[in-house]
Every structure is written in C-alpha cells, then in structure tokens.
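Reading through the structure tokens given below for one structure.
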Amino acid sequence: MASVNMVKALNLALTELMREDENVTLLGEDIGLDGGVFRVTEGLLEEFGGDRVIDTPVAEAGIIGAAIGMSIYGLRPVCEMQFSGFAYQAFHQIEGHLSRYRARSRGRFSVPMVVRMPYGGGIRAIEHHSESREAIYAHTPGLQVVVPSTPRNARSLLRASMLSPDPVIFYEPKALYRAFREEVPDEPEVHPLGKAQVVREGSDITLIGYGAMVRVLQEAAEDLHDQDGVNAEVIDLISLAPMDTETLVNSVAKSGRAIVVHEGPRRCGIGAEVAARLAESALDHLEAPVRRITGFDVQFPYFARERAYMPNSDRVVHAARELLEY
C-alpha cells in the first residue's frame, strides 16, 4: 500500500491497465514528452511508446473524433483535454457522435472510451481554466459522468471508466491534484459506476457534494459537530450520470434535511437535479426545503474574487443551522 496524491493515483490507473490491455491508447496535447500539463501521463511514453501515447495537435475536435473511430474499431482510447474549458471545441463530436453511437447502431457498436477533463477553481487560473460545466455532460444522453474526490477513488474510478463499454466523461478536480495524499492498495480496485459513497455517517442533516466540494463538506461536518453537537452525514455523489438516487433517499430518510453543494453555477446545475430527485422520491421524509450552495450565475471570476465565488464550509454551516431551525 502506497501513499500517493491524485496525480500519481491517476497515473497508476493508466499504467496498470495499459500493461494489462494493449488496446488502451492515450491521446492528447503534450501528454507524451511533457507528461501532460499536470504530469498525469508522466513516464508513459517511455514505457509504452509513441504508438500508444500519442501527442496530438492542438485540435480538440480531432482528438475526440479520432478516438471515436479508434473505439469503434476495437481500441480503448483515453483522451485528455488539457482543461475542461477547451472541450467545447469538440462538443459537436461528443454530443453528435460519442454519445449516440450505441443508439444509432441499435447496439451493434459501442464506444469504450474515456475523456479526461481537469475542471474547477482553486488554482487562480485564467479564463476557460476554472469553470465547472459538468451539468452539460450529465444532461447529454449516452454519456456517463464521474468525478473523483480522493486519490483512492480517482484510481478505482478511472479503472472502472476504462473498462466500461460505453463512453465516460471523467471530470478531474484539479484543486485536488496535489492537495493531499492517501494510501491506495497494491491491488487495483474498481469503483462501480453509478454508485455514491457515504464518507461520513450522521443522522441530523445530509450534506451532498462531489469533487473538491467533498472536503468542504467534511470540514463543515466537523464544525457542526464541534460547535453545535450536530451529526451530519456526508455523501460523495461520485457519479453524476447515472446518479445514485437510492443512497440519497436512504440518507434523507434518516436526517429529514439536505444540502447539496457544487462550485458550478446554480441555474440548472447538479444541485437542482438532486433537489428534484429528493422531492420526487423522499418528500415524505423532508422536514425542510432542500438547500443549494453553489457558484453564482456569472462567469468564473479572476484571481481577486475567486475565493468569494467558490462555496466554503462557512456557507454550508450557516445553511445547515437555518435548516435545523426550520
């Protein structure tokens, strides 16, 4: 068992499956000689060669389009978008082809490929580098969308995504890339796609999030316990599409109250989907309205106001206290 950060955990997952399956092929800008802009693919060119670790031109549509053809042919491509904000250049390939081939071919063809996208704020980057637009992909039929929150589940989720017969959008919270280390087992693990995880058990209120926001929720849960004697349950959604409604409902059945947190804009975000599912499937258990704590409906701000934009534990604690008094 080794203690690694998220970058190393992702690198480990890629290395392991590339050794096991010669059909796994990587494509992306600067992923070979440079090892990727965040060094996730560092060392893979040296081990697997340029036929399997392919440095591409700066052409996101070309990366995704080529990988779709490779997938249908029988390979298992893993594409890297340097930042999720650059992936819009390929959205016509993602929406028009990647998400549709199984349905279009009546199940004759599947597209077993992964699109890795670093996303989110917290690193004081410039425009198109900090947005959280996961709701766009979760809204697109035919795509699976997952978000790791720790090194261990990053490794197990990426492995599961690479083994899936259908396309996966793998959203990586870059604020967590080197934020902390975690022990990962020597043997590879596979986290089932479509399954959330209860990372802290409690019975007074349910806190729901994913990616970098899970650490925010854990901090808020600690503060609520220490300052108010409140036992908050924290759920890491992990999978945004499909979403694990059962775990959410089971938690709210205990607590009667829920807060959902994400750093993307509030309007039509993942929080709205969670709230709707709880209204549909757990209304009899709710003792207060579901509260959303999110980014704002503006473009992600530049450096000076980045921290003011992103949800933090103080906002979660304040909302929790209001719901507990409702």
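Residues are named by chain letter and number: chains run A, B, ... in the order of the structure tokens, numbers start at 1 in each chain, and ligands are numbered from 1 in the order shown.
Residues within 10 Å of Met6 of chain A, counting only C-alpha atoms and excluding same-chain residues fewer than 5 positions away, are Asn11, Leu12, Val40, Pro148, Ser149, Thr150, Pro151, Arg152, Asn153, Ala154, Arg155, Glu172, Pro173, Lys174, Leu176, Tyr177, Arg178, Ala179, Phe180, Arg181 and Glu182 of chain A.
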Exercise. When DSSP works through the backbone of this structure, what residues of segment 193-292 of chain A end up as strand (DSSP E), shown as a ChimeraX atom specification?
Worked result: /A:197-200,205-209,232-236,239-241,258-265,291-292
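If you count only C-alpha atoms and ignore residues fewer than 5 places along the chain from Arg39 of chain A, what sits within 8 Å of it is Val7, Ile31 and Asp34 of chain A.
Closest approach to Ser84 of chain A among A:Gly121, A:Pro141, A:Gly96, A:Pro112 is made by A:Gly121 (distances from only C-alpha atoms).
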Exercise. Ser203 of chain A: which residues within 9 Å, counting only C-alpha atoms, same-chain residues fewer than 2 positions away excluded, as an MDAnalysis selection string?
Worked result: chainID A and resid 201 205:206 230:233 251:252 254:256
Selected residues, N, CA and C atoms, written as a PDB file, in the first residue's frame, please.
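As written to disk, again-v9.pdb reads:
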ATOM      1  N   GLU A 201     -20.948   9.166   8.366  1.00  0.00           N
ATOM      2  CA  GLU A 201     -22.301   8.824   8.761  1.00  0.00           C
ATOM      3  C   GLU A 201     -22.826   9.810   9.791  1.00  0.00           C
ATOM      4  N   ILE A 205     -28.546  15.794   9.517  1.00  0.00           N
ATOM      5  CA  ILE A 205     -28.654  16.519   8.245  1.00  0.00           C
ATOM      6  C   ILE A 205     -27.745  15.839   7.236  1.00  0.00           C
ATOM      7  N   THR A 206     -28.138  15.880   5.977  1.00  0.00           N
ATOM      8  CA  THR A 206     -27.365  15.252   4.901  1.00  0.00           C
ATOM      9  C   THR A 206     -26.682  16.326   4.064  1.00  0.00           C
ATOM     10  N   VAL A 230     -24.086  18.637  16.216  1.00  0.00           N
ATOM     11  CA  VAL A 230     -24.868  18.103  15.095  1.00  0.00           C
ATOM     12  C   VAL A 230     -24.079  17.004  14.386  1.00  0.00           C
ATOM     13  N   ASN A 231     -24.739  15.885  14.143  1.00  0.00           N
ATOM     14  CA  ASN A 231     -24.119  14.780  13.405  1.00  0.00           C
ATOM     15  C   ASN A 231     -24.588  14.809  11.958  1.00  0.00           C
ATOM     16  N   ALA A 232     -23.733  15.330  11.092  1.00  0.00           N
ATOM     17  CA  ALA A 232     -24.069  15.457   9.675  1.00  0.00           C
ATOM     18  C   ALA A 232     -23.570  14.247   8.898  1.00  0.00           C
ATOM     19  N   GLU A 233     -24.390  13.780   7.991  1.00  0.00           N
ATOM     20  CA  GLU A 233     -23.966  12.718   7.079  1.00  0.00           C
ATOM     21  C   GLU A 233     -23.444  13.368   5.801  1.00  0.00           C
ATOM     22  N   SER A 251     -30.388   8.330   2.969  1.00  0.00           N
ATOM     23  CA  SER A 251     -29.808   9.268   3.920  1.00  0.00           C
ATOM     24  C   SER A 251     -30.848  10.275   4.412  1.00  0.00           C
ATOM     25  N   VAL A 252     -31.607  10.826   3.490  1.00  0.00           N
ATOM     26  CA  VAL A 252     -32.614  11.822   3.863  1.00  0.00           C
ATOM     27  C   VAL A 252     -33.730  11.188   4.690  1.00  0.00           C
ATOM     28  N   LYS A 254     -33.254   9.258   7.046  1.00  0.00           N
ATOM     29  CA  LYS A 254     -32.745   9.347   8.421  1.00  0.00           C
ATOM     30  C   LYS A 254     -32.739  10.776   8.926  1.00  0.00           C
ATOM     31  N   SER A 255     -32.278  11.697   8.071  1.00  0.00           N
ATOM     32  CA  SER A 255     -31.975  13.051   8.552  1.00  0.00           C
ATOM     33  C   SER A 255     -33.112  14.052   8.378  1.00  0.00           C
ATOM     34  N   GLY A 256     -33.894  13.894   7.329  1.00  0.00           N
ATOM     35  CA  GLY A 256     -35.002  14.813   7.074  1.00  0.00           C
ATOM     36  C   GLY A 256     -34.607  16.150   6.478  1.00  0.00           C
TER      37      GLY A 256
END
For this session: Show which residues sit within 7 Å of Val53 of chain A, as an MDAnalysis selection string. Count only C-alpha atoms, and ignore same-chain residues fewer than 2 positions away.
Result: chainID A and resid 25:27 32 44:45 48:51 55
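Note that atom CA of Ile64 of chain A and atom CA of Ile94 of chain A are 7.2 Å apart.
The space between atom CA of Leu193 of chain A and atom CA of Arg291 of chain A spans 26.1 Å.
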Problem set entry | Spatial neighbours of Ile293 of chain A, 10 Å, only C-alpha atoms, chain gap at least 5 places, as a ChimeraX atom specification | /A:209,259-266,271,310-312,315-316,319
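Contact shell of Val24 of chain A at 9 Å (only C-alpha atoms; same-chain neighbours under 4 positions omitted): A:Leu14, A:Leu17, A:Met18, A:Arg19, A:Glu20, A:Arg52, A:Leu75, A:Arg76, A:Pro77, A:Val78, A:Met162.
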Please save C-alpha atoms of the selected residues as a PDB file, in the first residue's frame.
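Now in result23.pdb:
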ATOM      1  CA  LEU A  14      -3.407   4.342 -16.574  1.00  0.00           C
ATOM      2  CA  LEU A  17      -4.498  -1.014 -17.444  1.00  0.00           C
ATOM      3  CA  MET A  18      -2.083  -0.197 -20.272  1.00  0.00           C
ATOM      4  CA  ARG A  19       0.064  -3.091 -19.067  1.00  0.00           C
ATOM      5  CA  GLU A  20      -2.957  -5.384 -18.929  1.00  0.00           C
ATOM      6  CA  ARG A  52       0.104   4.137 -27.627  1.00  0.00           C
ATOM      7  CA  LEU A  75      -9.267   0.056 -29.232  1.00  0.00           C
ATOM      8  CA  ARG A  76      -9.841   1.686 -25.842  1.00  0.00           C
ATOM      9  CA  PRO A  77      -8.711   5.316 -26.109  1.00  0.00           C
ATOM     10  CA  VAL A  78      -8.299   7.629 -23.138  1.00  0.00           C
ATOM     11  CA  MET A 162     -11.567   2.472 -18.830  1.00  0.00           C
TER      12      MET A 162
END
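If only C-alpha atoms are the atoms counted, then among A:Glu95, A:Glu322, A:Glu42, A:Glu16 the closest residue to Leu158 of chain A is A:Glu16.
Restricting the calculation to only C-alpha atoms, the smallest distance between Ala276 of chain A and any of A:Asp297, A:Asp314, A:Arg108, A:Leu248 is found for A:Leu248.
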Exercise. Can you list every residue in segment 85-305 of chain A that DSSP puts in alpha helix (DSSP H), as a VMD selection string?
Worked result: chain A and resid 91 to 93 101 to 104 134 to 138 151 to 163 213 to 228 245 to 255 270 to 281
Write a file of the selected residues as a PDB file, in the first residue's frame, keeping C-alpha atoms.
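Final output, saved to selection15.pdb:
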ATOM      1  CA  PHE A  91     -18.588  19.221 -28.248  1.00  0.00           C
ATOM      2  CA  HIS A  92     -20.060  18.503 -31.659  1.00  0.00           C
ATOM      3  CA  GLN A  93     -18.063  15.254 -31.691  1.00  0.00           C
ATOM      4  CA  TYR A 101     -23.238   5.523 -31.489  1.00  0.00           C
ATOM      5  CA  ARG A 102     -24.800   2.762 -29.392  1.00  0.00           C
ATOM      6  CA  ALA A 103     -28.303   4.095 -30.061  1.00  0.00           C
ATOM      7  CA  ARG A 104     -27.544   4.991 -33.671  1.00  0.00           C
ATOM      8  CA  GLU A 134     -20.325  19.083 -15.612  1.00  0.00           C
ATOM      9  CA  ALA A 135     -24.091  19.608 -15.861  1.00  0.00           C
ATOM     10  CA  ILE A 136     -23.781  19.970 -19.646  1.00  0.00           C
ATOM     11  CA  TYR A 137     -22.368  16.468 -19.963  1.00  0.00           C
ATOM     12  CA  ALA A 138     -24.660  14.928 -17.341  1.00  0.00           C
ATOM     13  CA  PRO A 151      -6.571   9.634  -4.769  1.00  0.00           C
ATOM     14  CA  ARG A 152      -8.019   6.219  -3.973  1.00  0.00           C
ATOM     15  CA  ASN A 153     -11.341   6.700  -5.711  1.00  0.00           C
ATOM     16  CA  ALA A 154      -9.613   8.513  -8.575  1.00  0.00           C
ATOM     17  CA  ARG A 155      -7.644   5.347  -9.293  1.00  0.00           C
ATOM     18  CA  SER A 156     -10.622   2.990  -8.876  1.00  0.00           C
ATOM     19  CA  LEU A 157     -12.972   5.243 -10.865  1.00  0.00           C
ATOM     20  CA  LEU A 158     -10.573   5.682 -13.756  1.00  0.00           C
ATOM     21  CA  ARG A 159     -10.074   1.941 -13.951  1.00  0.00           C
ATOM     22  CA  ALA A 160     -13.842   1.382 -13.951  1.00  0.00           C
ATOM     23  CA  SER A 161     -14.244   4.040 -16.633  1.00  0.00           C
ATOM     24  CA  MET A 162     -11.567   2.472 -18.830  1.00  0.00           C
ATOM     25  CA  LEU A 163     -13.286  -0.925 -18.513  1.00  0.00           C
ATOM     26  CA  MET A 213     -16.542  20.095  -2.502  1.00  0.00           C
ATOM     27  CA  VAL A 214     -16.402  16.846  -0.530  1.00  0.00           C
ATOM     28  CA  ARG A 215     -13.539  18.243   1.551  1.00  0.00           C
ATOM     29  CA  VAL A 216     -15.585  21.403   2.105  1.00  0.00           C
ATOM     30  CA  LEU A 217     -18.476  19.271   3.373  1.00  0.00           C
ATOM     31  CA  GLN A 218     -16.235  17.251   5.650  1.00  0.00           C
ATOM     32  CA  GLU A 219     -14.881  20.443   7.187  1.00  0.00           C
ATOM     33  CA  ALA A 220     -18.424  21.761   7.651  1.00  0.00           C
ATOM     34  CA  ALA A 221     -19.494  18.482   9.256  1.00  0.00           C
ATOM     35  CA  GLU A 222     -16.612  18.719  11.721  1.00  0.00           C
ATOM     36  CA  ASP A 223     -17.550  22.301  12.616  1.00  0.00           C
ATOM     37  CA  LEU A 224     -21.215  21.390  13.079  1.00  0.00           C
ATOM     38  CA  HIS A 225     -20.262  18.531  15.367  1.00  0.00           C
ATOM     39  CA  ASP A 226     -17.767  20.514  17.425  1.00  0.00           C
ATOM     40  CA  GLN A 227     -19.776  23.731  17.695  1.00  0.00           C
ATOM     41  CA  ASP A 228     -23.395  22.545  17.631  1.00  0.00           C
ATOM     42  CA  THR A 245     -30.800   8.225  -6.048  1.00  0.00           C
ATOM     43  CA  GLU A 246     -31.146   5.314  -3.610  1.00  0.00           C
ATOM     44  CA  THR A 247     -28.226   6.401  -1.425  1.00  0.00           C
ATOM     45  CA  LEU A 248     -29.553   9.973  -1.320  1.00  0.00           C
ATOM     46  CA  VAL A 249     -33.059   8.901  -0.348  1.00  0.00           C
ATOM     47  CA  ASN A 250     -31.828   6.482   2.321  1.00  0.00           C
ATOM     48  CA  SER A 251     -29.808   9.268   3.920  1.00  0.00           C
ATOM     49  CA  VAL A 252     -32.614  11.822   3.863  1.00  0.00           C
ATOM     50  CA  ALA A 253     -34.970   9.219   5.316  1.00  0.00           C
ATOM     51  CA  LYS A 254     -32.745   9.347   8.421  1.00  0.00           C
ATOM     52  CA  SER A 255     -31.975  13.051   8.552  1.00  0.00           C
ATOM     53  CA  ILE A 270     -26.406  19.274 -10.485  1.00  0.00           C
ATOM     54  CA  GLY A 271     -27.882  20.628  -7.250  1.00  0.00           C
ATOM     55  CA  ALA A 272     -31.193  21.231  -8.983  1.00  0.00           C
ATOM     56  CA  GLU A 273     -31.230  17.618 -10.162  1.00  0.00           C
ATOM     57  CA  VAL A 274     -30.503  16.329  -6.655  1.00  0.00           C
ATOM     58  CA  ALA A 275     -33.221  18.533  -5.172  1.00  0.00           C
ATOM     59  CA  ALA A 276     -35.734  17.341  -7.759  1.00  0.00           C
ATOM     60  CA  ARG A 277     -34.948  13.690  -7.083  1.00  0.00           C
ATOM     61  CA  LEU A 278     -35.365  14.188  -3.352  1.00  0.00           C
ATOM     62  CA  ALA A 279     -38.670  16.000  -3.922  1.00  0.00           C
ATOM     63  CA  GLU A 280     -39.869  13.131  -6.113  1.00  0.00           C
ATOM     64  CA  SER A 281     -38.625  10.217  -4.007  1.00  0.00           C
TER      65      SER A 281
END
